[in-house]
Each structure stands twice: as structure tokens, then as C-alpha cells.
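Read the structure below first, then the notes.
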Amino acid sequence: MRKSIVIGASHGWGAHLASRLVEEGWNVTAVGRRPKPELPDTDALRYVQADLTTAHGYEAVERELQEQAPALVVYNAVSYGPRDATLPPLDELEATFRLNALVPYHLLLNHVEKQSSAQFCTYVVTNSDSIYHANKYSGIYAASKAALRVLTTALASACQSHNAAAATLLLGPLADEENFEKLQEIAHRTGADMDAVTRRYLARSNQAYVINSFLSYESCVKNVLTIANLGRDANGMLCKLDGGSSGSLI
Ligand SMILES: NC(=O)c1ccc[n+]([C@@H]2O[C@H](COP(=O)([O-])OP(=O)(O)OC[C@H]3O[C@@H](n4cnc5c(N)ncnc54)[C@H](OP(=O)(O)O)[C@@H]3O)[C@@H](O)[C@H]2O)c1
């Protein structure tokens with residue numbers, strides 16, 4: 001049975017991915033920060049609780065990568081950072097960069113260099129279309145994801161001389177609970193129907209979007225499986241499931 005590790009799998013689309021990989025026949029280790037009892041259903045997978053911003057948490061996941069020798073690693077952990085327009089303390093900004101960009105780069109590069117060449121490994125690093133349209137609310141998050149995009153290319157360069165491939169999965173707005181609740185509240189307040197509120201929200205958040213609804217978790221899963229099946233050809237790949245957010249040329 002092929003082994004996979006999904007880092008950032010206790011919530012959101014990472015949690016969905018972990019359970020879908022189990023259904024697809026993978027042996028899955030999920031990594032998250034919250035304690036196991038707070039997860040809805042972990043019976044079919046192994047769960048490792050680790051805070052990757054701490055040395056202890058980092059080492060736990062590093063160990064997991066070494067011991068499991070996975071064929072697929074998905075880095076999905078994220079900090080959205082402060083989301084208001086006030087200026088946060090510098091160490092809060094650094095913490096966002098650390099989890100979103102430096103930890104995945106360091107952790108996965110370290111694994112590439114130490115892995116045994118027997119097991120081919122695909123790294124899928126989740127990125128975001130926020131890199132194309134930063135504003136005063138999203139600047140730090142967007143900048144950390146832009147750094148991650150560049151560092152994933154550096155990781156792919158290192159993979160060239162190892163039995164591994166590194167690809168970026170760049171996502172647009174997902175059909176997650178938080179997005180749904182935000183729009184439901186607007187629909188309730190204004191009396192408009194959800195479809196109309198969603199279309200208006202998407203058009204306002206990025207004029208380049210050519211989607212009328214949020215992207216499904218399942219579409220993200222299908223793209224991960226496709227990347228994992230490409231082997232070496234996936235190295236350096238940028239897979240954009242982003243609703244057209246970068247416009248026509250990028
Ligand atoms: N949601 C969207 O609309 C959207 C759009 C574009 C791209 N994306 C990308 O998709 C990915 C997942 O996003 P999401 O919205 O599904 O995220 P989410 O629901 O906030 O989940 C993030 C995951 O990361 C884990 N995590 C956070 N801090 C951690 C830490 N210090 N150490 C270890 N794990 C930590 C969380 O664990 P706990 O919850 O247990 O703390 C959780 O499992 C991200 O890379 C994001 O940039 C999302």
C-alpha cells in the first residue's frame with residue numbers, strides 16, 4: 001500500500017484530502033495542530049499532532065517523514081496571519097512566513113536530501129491565488145505564499161538529482177465552511193439568494209475570476225492524484241485550479 005503524509009490535515013480541505021486518500025487505497029498519516037479527539041473521524045488514518053512552528057513539532061514531522069518513507073507528501077498547513085488592516089507586531093509576521101514558506105521549504109528539502117533513493121516521492125505544495133492580488137488585508141499571507149512559490153521551484157531543482165518531484169497546487173477560493181458562512185450571513189442580512197451573493201463576492205474579490213461558485217474540495221483531490229501519478233514529469237509543475245484568477249497570460 002502506498003504511503004502518504006498530509007501536513008495540515010486536521011481541518012479544511014487537507015482533512016478532506018486525507019480521508020479521500022484513504023478511500024483511494026493509500027496508507028495515510030495526517031498531521032495537524034489540534035489534539036486527535038477534536039477531529040471528527042480518524043479511525044482509518046494515523047494522526048500526528050504537531051505544531052510546526054516549534055522545534056519539537058518540526059522534529060516530530062521530520063521523524064515521521066524519515067520513518068514512513070512516503071510516496072506522496074502534501075504540505076497544506078497554513079497561517080492566514082492577521083486579517084485586519086492594522087499593523088501586527090513583527091514576530092507575528094515572521095510566524096506567518098515561517099509556517100507558510102520556510103518550514104515547508106526546510107522540511108521537504110531536508111527530506112529530499114536524506115531520503116533513500118528506493119522510494120520515489122512526490123511533494124505537492126499547496127499555494128494560493130492570493131499571490132496575484134494582494135491588498136492591505138492579505139499582504140502578509142500573499143507575500144508568504146509568493147515566497148513559497150519561489151521556494152517550491154528551488155525544491156524542484158533539488159529533486160532533479162534525487163528520486164523525487166515537487167509540484168505546486170495553486171488554488172482559488174474553496175467551498176469551505178468559513179467562505180460559506182460568510183456569504184450565508186450576507187444573504188441572510190440582504191435577503192438575496194446565495195448564488196447571487198456568491199457571484200457578486202467572487203466578481204468583487206478578483207475581476208479575473210471566471211467561476212460562479214467556490215471550487216470544490218473534490219476537484220483539489222483529483223488534481224493531487226493526477227500530480228502523484230505523473231512521477232518525474234510533475235517536477236516543477238504548477239497546477240492552477242484558481243478560477244482564472246491570474247488572468248490570461250500567467
Ligand atoms: N480556503 C481557501 O479558500 C483557500 C484558497 C486558496 C488556497 N488555499 C490553501 O489551501 C491550504 C489549506 O487551506 P484551508 O483553508 O483548508 O486551511 P485551514 O482550514 O485553516 O486548515 C489549515 C491546516 O493547517 C494546520 N496548521 C495550522 N497551523 C499549524 C501549525 N503551526 N502546525 C501544524 N499544523 C498547522 C491546521 O491545524 P489545526 O486546525 O489543527 O490548527 C489545519 O489542519 C492552504 O495552503 C491555503 O493557503 C485555501
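Chain lettering (A, B, ...) mirrors the order of the C-alpha cells, residue numbering begins at 1 for each chain separately, and ligand numbering begins at 1 in order of display.
Once His11 (chain A) and its same-chain neighbours fewer than 5 positions away are set aside, Val6, His16, Leu17, Ala18, Ser19, Ala30, Val31, Gly32, Arg33, Arg34, Pro35, Lys36, Glu38, Leu39, Pro40, Asp41, Thr42, Asn76, Ala77, Val78, Asp176, Glu177 and Glu178 of chain A remain within 12 Å of it when counting only C-alpha atoms.
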Export, as a compact mmCIF listing (two decimals), in the first residue's frame, the selected residues with C-alpha atoms.
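Full text of result-v5.txt as output:
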```
# COMPACT_ATOMS: atom_id res chain seq x y z
CA VAL A 6 -0.75 15.14 4.55
CA HIS A 16 -10.95 16.08 3.24
CA LEU A 17 -7.88 15.10 1.22
CA ALA A 18 -6.60 12.79 3.98
CA SER A 19 -9.88 10.86 4.18
CA ALA A 30 -2.35 13.17 8.82
CA VAL A 31 -0.56 15.97 10.64
CA GLY A 32 -2.38 18.77 12.45
CA ARG A 33 -2.02 21.05 15.44
CA ARG A 34 -5.19 20.26 17.35
CA PRO A 35 -5.48 17.16 19.58
CA LYS A 36 -6.83 13.99 18.00
CA GLU A 38 -11.12 17.19 18.21
CA LEU A 39 -11.07 15.55 14.81
CA PRO A 40 -14.35 14.11 13.51
CA ASP A 41 -13.08 10.77 12.21
CA THR A 42 -9.52 9.50 12.29
CA ASN A 76 -1.11 22.11 3.35
CA ALA A 77 -0.56 23.71 6.77
CA VAL A 78 -1.25 27.42 6.73
CA ASP A 176 -15.01 25.72 2.78
CA GLU A 177 -17.11 26.33 5.86
CA GLU A 178 -15.71 29.79 6.52
```
Near ligand 1, 7 Å: chain A residue rows, closest pairs, only C-alpha atoms and all ligand atoms, as CSV:
```
residue,atom,partner,partner_atom_place_in_ligand_line,distance
A:Ile7,CA,ligand 1,34 (N),6.7
A:Gly8,CA,ligand 1,24 (O),3.6
A:Ala9,CA,ligand 1,43 (O),4.2
A:Ser10,CA,ligand 1,43 (O),3.7
A:His11,CA,ligand 1,43 (O),4.2
A:Gly12,CA,ligand 1,19 (O),3.4
A:Trp13,CA,ligand 1,16 (O),4.2
A:Gly14,CA,ligand 1,16 (O),5.7
A:Ala15,CA,ligand 1,43 (O),6.7
A:Val31,CA,ligand 1,34 (N),6.6
A:Gly32,CA,ligand 1,37 (O),4.3
A:Arg33,CA,ligand 1,40 (O),3.7
A:Arg34,CA,ligand 1,40 (O),3.7
A:Ala50,CA,ligand 1,33 (C),5.5
A:Asp51,CA,ligand 1,32 (N),3.5
A:Leu52,CA,ligand 1,32 (N),3.8
A:Thr53,CA,ligand 1,31 (N),4.9
A:Asn76,CA,ligand 1,45 (O),4.5
A:Ala77,CA,ligand 1,24 (O),3.3
A:Val78,CA,ligand 1,24 (O),4.7
A:Ser79,CA,ligand 1,28 (N),5.5
A:Leu99,CA,ligand 1,31 (N),6.2
A:Thr126,CA,ligand 1,45 (O),4.6
A:Asn127,CA,ligand 1,45 (O),5.3
A:Ser128,CA,ligand 1,7 (C),3.9
A:Asp129,CA,ligand 1,6 (C),6.0
A:Leu170,CA,ligand 1,7 (C),6.6
A:Leu171,CA,ligand 1,6 (C),4.3
A:Gly172,CA,ligand 1,6 (C),4.5
A:Pro173,CA,ligand 1,3 (O),3.8
A:Leu174,CA,ligand 1,3 (O),3.8
A:Ala175,CA,ligand 1,3 (O),6.7
A:Asp176,CA,ligand 1,1 (N),5.9
A:Asn179,CA,ligand 1,3 (O),6.9
```
Subject >> d(CA of Thr152 (chain A), CA of Asn100 (chain A)) in Å >> reply: 11.5 Å
Using only C-alpha atoms, which protein or nucleic acid residues come within 12 Å of Ala95 (chain A)? Drop anything in the same chain fewer than 6 positions from it, and give the result as a PDB file with N, CA, C and O atoms, in the first residue's frame.
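Listing of part33.pdb after writing:
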```
ATOM      1  N   ASP A  51       2.860  21.029  16.309  1.00  0.00           N
ATOM      2  CA  ASP A  51       2.851  22.447  15.936  1.00  0.00           C
ATOM      3  C   ASP A  51       4.171  22.729  15.222  1.00  0.00           C
ATOM      4  O   ASP A  51       5.245  22.739  15.840  1.00  0.00           O
ATOM      5  N   LEU A  52       4.073  22.965  13.932  1.00  0.00           N
ATOM      6  CA  LEU A  52       5.289  23.087  13.112  1.00  0.00           C
ATOM      7  C   LEU A  52       6.075  24.365  13.344  1.00  0.00           C
ATOM      8  O   LEU A  52       7.178  24.511  12.818  1.00  0.00           O
ATOM      9  N   THR A  53       5.516  25.281  14.130  1.00  0.00           N
ATOM     10  CA  THR A  53       6.291  26.489  14.415  1.00  0.00           C
ATOM     11  C   THR A  53       7.223  26.269  15.613  1.00  0.00           C
ATOM     12  O   THR A  53       8.019  27.136  15.950  1.00  0.00           O
ATOM     13  N   THR A  54       7.108  25.099  16.261  1.00  0.00           N
ATOM     14  CA  THR A  54       8.012  24.797  17.378  1.00  0.00           C
ATOM     15  C   THR A  54       9.052  23.763  16.938  1.00  0.00           C
ATOM     16  O   THR A  54       8.785  22.952  16.029  1.00  0.00           O
ATOM     17  N   VAL A  78      -1.232  25.996   7.087  1.00  0.00           N
ATOM     18  CA  VAL A  78      -1.249  27.418   6.732  1.00  0.00           C
ATOM     19  C   VAL A  78      -1.598  28.287   7.926  1.00  0.00           C
ATOM     20  O   VAL A  78      -2.344  27.879   8.810  1.00  0.00           O
ATOM     21  N   SER A  79      -1.009  29.476   7.920  1.00  0.00           N
ATOM     22  CA  SER A  79      -1.480  30.537   8.804  1.00  0.00           C
ATOM     23  C   SER A  79      -1.961  31.660   7.903  1.00  0.00           C
ATOM     24  O   SER A  79      -1.236  32.078   6.993  1.00  0.00           O
ATOM     25  N   TYR A  80      -3.199  32.122   8.123  1.00  0.00           N
ATOM     26  CA  TYR A  80      -3.702  33.234   7.320  1.00  0.00           C
ATOM     27  C   TYR A  80      -3.221  34.570   7.869  1.00  0.00           C
ATOM     28  O   TYR A  80      -3.457  35.604   7.268  1.00  0.00           O
ATOM     29  N   GLY A  81      -2.541  34.513   9.031  1.00  0.00           N
ATOM     30  CA  GLY A  81      -1.998  35.740   9.609  1.00  0.00           C
ATOM     31  C   GLY A  81      -3.101  36.682  10.029  1.00  0.00           C
ATOM     32  O   GLY A  81      -4.279  36.342   9.963  1.00  0.00           O
ATOM     33  N   PRO A  82      -2.717  37.879  10.423  1.00  0.00           N
ATOM     34  CA  PRO A  82      -3.730  38.857  10.808  1.00  0.00           C
ATOM     35  C   PRO A  82      -4.533  39.284   9.574  1.00  0.00           C
ATOM     36  O   PRO A  82      -3.945  39.543   8.530  1.00  0.00           O
ATOM     37  N   PRO A  88       0.406  44.379  12.559  1.00  0.00           N
ATOM     38  CA  PRO A  88       0.699  43.472  13.671  1.00  0.00           C
ATOM     39  C   PRO A  88       2.179  43.547  14.064  1.00  0.00           C
ATOM     40  O   PRO A  88       2.987  44.041  13.281  1.00  0.00           O
ATOM     41  N   PRO A  89       2.514  43.047  15.262  1.00  0.00           N
ATOM     42  CA  PRO A  89       3.920  43.026  15.651  1.00  0.00           C
ATOM     43  C   PRO A  89       4.745  42.191  14.667  1.00  0.00           C
ATOM     44  O   PRO A  89       4.225  41.243  14.058  1.00  0.00           O
ATOM     45  N   ALA A 101       6.074  29.364   4.456  1.00  0.00           N
ATOM     46  CA  ALA A 101       7.121  29.310   3.428  1.00  0.00           C
ATOM     47  C   ALA A 101       8.401  28.611   3.905  1.00  0.00           C
ATOM     48  O   ALA A 101       8.893  27.691   3.241  1.00  0.00           O
ATOM     49  N   LEU A 102       8.927  29.023   5.070  1.00  0.00           N
ATOM     50  CA  LEU A 102      10.241  28.498   5.469  1.00  0.00           C
ATOM     51  C   LEU A 102      10.160  27.052   5.937  1.00  0.00           C
ATOM     52  O   LEU A 102      11.018  26.232   5.585  1.00  0.00           O
ATOM     53  N   VAL A 103       9.127  26.725   6.730  1.00  0.00           N
ATOM     54  CA  VAL A 103       9.008  25.343   7.227  1.00  0.00           C
ATOM     55  C   VAL A 103       8.839  24.348   6.074  1.00  0.00           C
ATOM     56  O   VAL A 103       9.583  23.356   6.008  1.00  0.00           O
ATOM     57  N   ILE A 140       0.489  40.027   4.004  1.00  0.00           N
ATOM     58  CA  ILE A 140       1.498  39.136   4.598  1.00  0.00           C
ATOM     59  C   ILE A 140       1.287  37.688   4.163  1.00  0.00           C
ATOM     60  O   ILE A 140       2.221  36.990   3.763  1.00  0.00           O
ATOM     61  N   TYR A 141       0.011  37.274   4.192  1.00  0.00           N
ATOM     62  CA  TYR A 141      -0.320  35.922   3.722  1.00  0.00           C
ATOM     63  C   TYR A 141       0.120  35.766   2.261  1.00  0.00           C
ATOM     64  O   TYR A 141       0.802  34.795   1.891  1.00  0.00           O
ATOM     65  N   SER A 144       3.863  35.608   1.856  1.00  0.00           N
ATOM     66  CA  SER A 144       4.440  34.329   2.305  1.00  0.00           C
ATOM     67  C   SER A 144       4.188  33.240   1.260  1.00  0.00           C
ATOM     68  O   SER A 144       5.035  32.379   1.024  1.00  0.00           O
TER      69      SER A 144
END
```
**OP:** Please identify all polymer residues within 9 Å of region 164-168 of chain A, counting only C-alpha atoms, omitting same-chain residues fewer than 3 positions from it, and present them as number ranges by chain.
**Re:** A: 71, 112, 117, 119-127, 149, 152-153, 155-161, 227, 231-240
**OP:** Give me every helix (DSSP H, G or I) residue in region 24-243 of chain A, going by DSSP on the backbone, as number ranges by chain.
**Re:** A: 36-38, 55-68, 90-114, 129-132, 139-159, 177-190, 194-205, 217-229, 231-234
**OP:** May I have the residues within 7 Å of region 197-213 of chain A as an NGL selection string, using only C-alpha atoms and disregarding those fewer than 4 positions away in the same chain?
**Re:** :A and (183 or 187 or 192-193 or 243-247)
So that I have them on file, write out the residues from the current selection with all heavy atoms, as a tab-separated table (two decimals), in the first residue's frame.
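Produced file part_31.tsv, reproduced below:
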```tsv
chain	number	residue	atom	x	y	z
A	183	LEU	N	-20.81	34.16	3.43
A	183	LEU	CA	-21.78	34.55	2.41
A	183	LEU	C	-23.21	34.28	2.85
A	183	LEU	O	-24.13	35.02	2.50
A	183	LEU	CB	-21.48	33.82	1.09
A	183	LEU	CG	-20.12	34.14	0.49
A	183	LEU	CD1	-20.03	33.69	-0.95
A	183	LEU	CD2	-19.82	35.64	0.54
A	187	ALA	N	-26.25	36.87	2.72
A	187	ALA	CA	-27.52	36.52	2.07
A	187	ALA	C	-28.68	36.73	3.04
A	187	ALA	O	-29.72	37.29	2.69
A	187	ALA	CB	-27.48	35.08	1.58
A	192	ALA	N	-30.86	38.50	-0.28
A	192	ALA	CA	-30.52	38.00	-1.64
A	192	ALA	C	-30.31	36.48	-1.58
A	192	ALA	O	-30.07	35.93	-0.51
A	192	ALA	CB	-29.26	38.68	-2.13
A	193	ASP	N	-30.40	35.81	-2.75
A	193	ASP	CA	-30.16	34.37	-2.68
A	193	ASP	C	-28.66	34.07	-2.75
A	193	ASP	O	-27.88	34.88	-3.24
A	193	ASP	CB	-30.99	33.60	-3.73
A	193	ASP	CG	-30.42	33.68	-5.11
A	193	ASP	OD1	-29.43	32.99	-5.39
A	193	ASP	OD2	-30.97	34.45	-5.92
A	243	GLY	N	-9.74	29.31	-10.72
A	243	GLY	CA	-10.85	30.10	-11.25
A	243	GLY	C	-10.43	31.17	-12.23
A	243	GLY	O	-11.18	32.13	-12.47
A	244	GLY	N	-9.24	31.05	-12.79
A	244	GLY	CA	-8.78	32.03	-13.78
A	244	GLY	C	-8.20	33.29	-13.17
A	244	GLY	O	-8.04	34.32	-13.84
A	245	SER	N	-7.87	33.23	-11.86
A	245	SER	CA	-7.54	34.45	-11.14
A	245	SER	C	-6.30	35.20	-11.61
A	245	SER	O	-6.16	36.38	-11.35
A	245	SER	CB	-7.38	34.14	-9.66
A	245	SER	OG	-6.29	33.28	-9.51
A	246	SER	N	-5.40	34.52	-12.31
A	246	SER	CA	-4.18	35.23	-12.73
A	246	SER	C	-4.35	35.86	-14.11
A	246	SER	O	-3.40	36.42	-14.66
A	246	SER	CB	-2.99	34.28	-12.72
A	246	SER	OG	-3.25	33.18	-13.57
A	247	GLY	N	-5.56	35.78	-14.67
A	247	GLY	CA	-5.77	36.37	-15.99
A	247	GLY	C	-5.30	35.46	-17.10
A	247	GLY	O	-5.12	34.26	-16.89
```
Original post:
Which residues in region 29-220 of chain A does DSSP call strand (DSSP E)? List them as number ranges by chain.
Top reply: A: 29-32, 46-49, 72-75, 121-128, 164-171
